[in-house]
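J.: Have a look at this one.
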Amino acid sequence: MTDPYSVLGVPRTASEDDIRKAFRKLAKKHHPDLNPGDKAAEAKFKEIGQANDILSDPEKRRRFDAGEIDGTGQEMPPRGFYRDQAGGRGGKYEHAGGHESFVDMGGIFSEMFGERRGGHGPGFGGGGFDMGGMPVSYSLRVPFLVAARGGKQRVTLPDGKTLDIDVPEGTTDGQTLRLKGQGMPGSQGRPPGDAYVEIHVEPHAFFQPRDNDIHVELPVTVTEATLGGKVKVPTVGGAVMLNVPAGSNTGTSLRLKGRGLLDRKSGQRGDQYVKLKVVLPETPDDKLKEFLASWEAGRGYDPRKEMEQFT
């Protein structure tokens, strides 16, 4: 016997709200409009609706729990009563060529998709679908700088159509963008559904985001670190000049205020933190080598002295 609780994946103690949420989630996943030609999905969709029909009706739920009706709504016993009585158009099912098709489920789908169309909503009628188009979901990989700065990004829909969507500045990984009217087409002239695009931001070669701040490691020469000076540093908004203090070391961290990512909720920008990394020239410089060999002060300090206490 079909157990409507198992079909919807809820316990017998589930509240009406739990049942409603479970039904919405499964109905969207297995809706025939989103699974064209998939007989298994169609059968599952009918099973889900049947389970919801039992559990969303307090009296039917009570009768099922009491063993008076089974998971299809049939009397226990005799069998066959429900299907004989449900053949009219006022019921949840109607027979059509030996198959049941859903009817009169407008209320729940109106709530699911935020629409009310007359007294019946976007329900099912005449044995076929009579509702606005279903929403569809996509995922889209977006370059880091496009998400950080905002810009156009092209997405290809399953029907081959391409769309240039606007990625807002400060878009974050996992954020979903809504494309109104780009979902499944509606039946009988009803409007299409919406498309929802989940953004996956690609990592950058050297920008490391942490919340709304940006961290970057900046190579500097020995001369720049020793004598100090202004150097060019990249930011998500373009290169800026950074003042490197004289005597800087690898690991010195400098802040560029307001050069991080835009927080779309607060409208504030994070900061960029620049960590210096002293880099020697790839080709050995003979004069530098001669200087260091004769640099007496260079032998007067031990940068590893603090490590001795741990050995």
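Labels for the structure tokens follow display order: chains A, B, ..., residues from 1 in each chain, ligands from 1.
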So which residues touch region 24-30 of chain A within 7 Å, counting only C-alpha atoms, skipping near sequence neighbours fewer than 3 positions away, as a PyMOL selection string?
T.: chain A and resi 20-21+35+41-42+44-45+48+112
J.: Quick one: residues within 12 Å of Glu282 (chain A), only C-alpha atoms counted, chain neighbours fewer than 3 positions away excluded, as a short mmCIF file (atom, residue, chain, number, x, y, z; two decimals) with N, CA and C atoms, in the first residue's frame?
T.:
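Output file out22.cif follows:
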data_model
loop_
_atom_site.label_atom_id
_atom_site.label_comp_id
_atom_site.auth_asym_id
_atom_site.auth_seq_id
_atom_site.Cartn_x
_atom_site.Cartn_y
_atom_site.Cartn_z
N THR A 221 60.74 44.71 -4.96
CA THR A 221 62.17 44.50 -5.08
C THR A 221 62.86 44.79 -3.74
N VAL A 279 61.27 40.07 -3.36
CA VAL A 279 61.70 39.12 -4.38
C VAL A 279 63.04 39.57 -4.96
N ASP A 285 72.76 39.34 -9.56
CA ASP A 285 73.41 40.61 -9.86
C ASP A 285 74.77 40.64 -9.18
#
J.: CA of Glu224 (chain A) to CA of Thr283 (chain A): how many Å, to one decimal?
T.: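 CA of Thr283 (chain A) lies 17.6 Å from CA of Glu224 (chain A).
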J.: Under the rule that only C-alpha atoms are counted, which of A:Lys39, A:Lys232, A:Arg269, A:Lys152 is the nearest residue to Pro219 (chain A)?
T.: A:Lys232
J.: Find the residues near Pro58 (chain A): any atom within 12 Å, counting only C-alpha atoms, skip ones fewer than 5 places away on the same chain, and give them as a PyMOL selection string.
T.: chain A and resi 15-16+19+52-53+63-65
J.: Got time to write the residues from that selection, N, CA and C atoms, as a CSV table (one decimal), in the first residue's frame?
T.:
chain,number,residue,atom,x,y,z
A,15,SER,N,3.6,18.6,10.5
A,15,SER,CA,2.6,19.7,10.6
A,15,SER,C,2.1,19.9,9.2
A,16,GLU,N,1.0,20.7,9.1
A,16,GLU,CA,0.5,21.1,7.8
A,16,GLU,C,1.5,21.9,7.0
A,19,ILE,N,4.1,19.5,5.5
A,19,ILE,CA,3.6,18.8,4.4
A,19,ILE,C,3.5,19.7,3.1
A,52,ASN,N,-0.3,14.3,-1.4
A,52,ASN,CA,-0.7,15.6,-0.9
A,52,ASN,C,-2.2,15.7,-0.7
A,53,ASP,N,-2.9,15.1,-1.6
A,53,ASP,CA,-4.4,15.1,-1.5
A,53,ASP,C,-4.9,14.5,-0.2
A,63,ARG,N,-8.6,9.8,8.4
A,63,ARG,CA,-9.2,8.5,8.0
A,63,ARG,C,-8.0,7.5,7.5
A,64,PHE,N,-7.0,8.1,6.9
A,64,PHE,CA,-5.8,7.2,6.5
A,64,PHE,C,-5.1,6.7,7.7
A,65,ASP,N,-4.9,7.6,8.7
A,65,ASP,CA,-4.2,7.2,9.9
A,65,ASP,C,-5.0,6.2,10.7
J.: From region 169-298 of chain A, collect each residue whose DSSP state is alpha helix (DSSP H) and return the set as a CSV table (one decimal) with C-alpha atoms, in the first residue's frame.
T.:
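Saved file part.csv follows:
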chain,number,residue,atom,x,y,z
A,222,VAL,CA,64.9,44.7,-2.5
A,223,THR,CA,65.4,48.3,-3.3
A,224,GLU,CA,61.7,49.1,-2.9
A,225,ALA,CA,61.5,47.3,0.4
A,226,THR,CA,64.7,48.9,1.8
A,227,LEU,CA,64.4,52.4,0.6
A,286,ASP,CA,77.2,40.7,-9.4
A,287,LYS,CA,77.3,44.1,-7.8
A,288,LEU,CA,74.6,43.1,-5.3
A,289,LYS,CA,76.6,40.0,-4.5
A,290,GLU,CA,79.8,42.0,-4.0
A,291,PHE,CA,78.0,44.5,-1.8
A,292,LEU,CA,76.4,41.8,0.4
A,293,ALA,CA,79.8,40.0,0.7
A,294,SER,CA,81.4,43.2,2.1
J.: Which residue out of A:Ala43, A:Asp38, A:Ile54, A:Met307 has the minimum interatomic distance to Tyr5 (chain A) when only C-alpha atoms are used?
T.: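 Of the candidates, the smallest distance to Tyr5 (chain A) is held by A:Ile54.
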J.: As a ChimeraX atom specification, please: every residue in region 134-243 of chain A that DSSP puts in strand (DSSP E).
T.: /A:136-142,151-156,162-167,176-179,195-201,208-210,213-220,229-233,240-243
J.: Just checking: using only C-alpha atoms, which residue out of A:Pro245, A:Gly193, A:Gly186, A:Gly71 ends up closest to Gly228 (chain A)?
T.: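 Result for the nearest residue to Gly228 (chain A): A:Pro245.
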J.: Can you list, as a ChimeraX atom specification, every protein, DNA or RNA residue that comes within 7 Å of Glu202 (chain A) when you count only C-alpha atoms, leaving out same-chain residues fewer than 6 positions away?
T.: /A:141-144
J.: Next, dump the selected residues to file, keeping only N, CA, C and O atoms, as a compact mmCIF listing (two decimals), in the first residue's frame.
T.:
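Wrote it out as out-v6.txt, contents follow:
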# COMPACT_ATOMS: atom_id res chain seq x y z
N ARG A 141 28.97 29.95 -14.43
CA ARG A 141 30.29 30.32 -13.92
C ARG A 141 30.63 31.71 -14.44
O ARG A 141 30.53 31.99 -15.64
N VAL A 142 31.03 32.57 -13.50
CA VAL A 142 31.30 33.97 -13.82
C VAL A 142 32.72 34.32 -13.39
O VAL A 142 33.12 33.99 -12.26
N PRO A 143 33.51 34.97 -14.25
CA PRO A 143 34.85 35.40 -13.84
C PRO A 143 34.79 36.30 -12.61
O PRO A 143 33.84 37.07 -12.44
N PHE A 144 35.81 36.21 -11.79
CA PHE A 144 35.83 36.96 -10.52
C PHE A 144 35.62 38.45 -10.74
O PHE A 144 34.83 39.08 -10.03
J.: Of the candidates A:Pro281, A:Pro11, A:Gly170, A:Pro185, which one gets nearest to Val220 (chain A) if we count only C-alpha atoms?
T.: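 Under the stated criterion, the closest residue is A:Pro281.
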J.: Rank A:Arg178, A:Lys275, A:Lys265, A:Lys257 by their smallest atom-to-atom distance to Leu218 (chain A), using only C-alpha atoms, and report the top residue only.
T.: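 Between A:Arg178, A:Lys275, A:Lys265, A:Lys257, the residue approaching Leu218 (chain A) most closely is A:Lys275.
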J.: Fewer than 5 positions away in the same chain doesn't count, so skip those; otherwise give me all residues within 12 Å of Gly238 (chain A), counting only C-alpha atoms, as a PyMOL selection string.
T.: chain A and resi 145+148-149+232-233+259-260
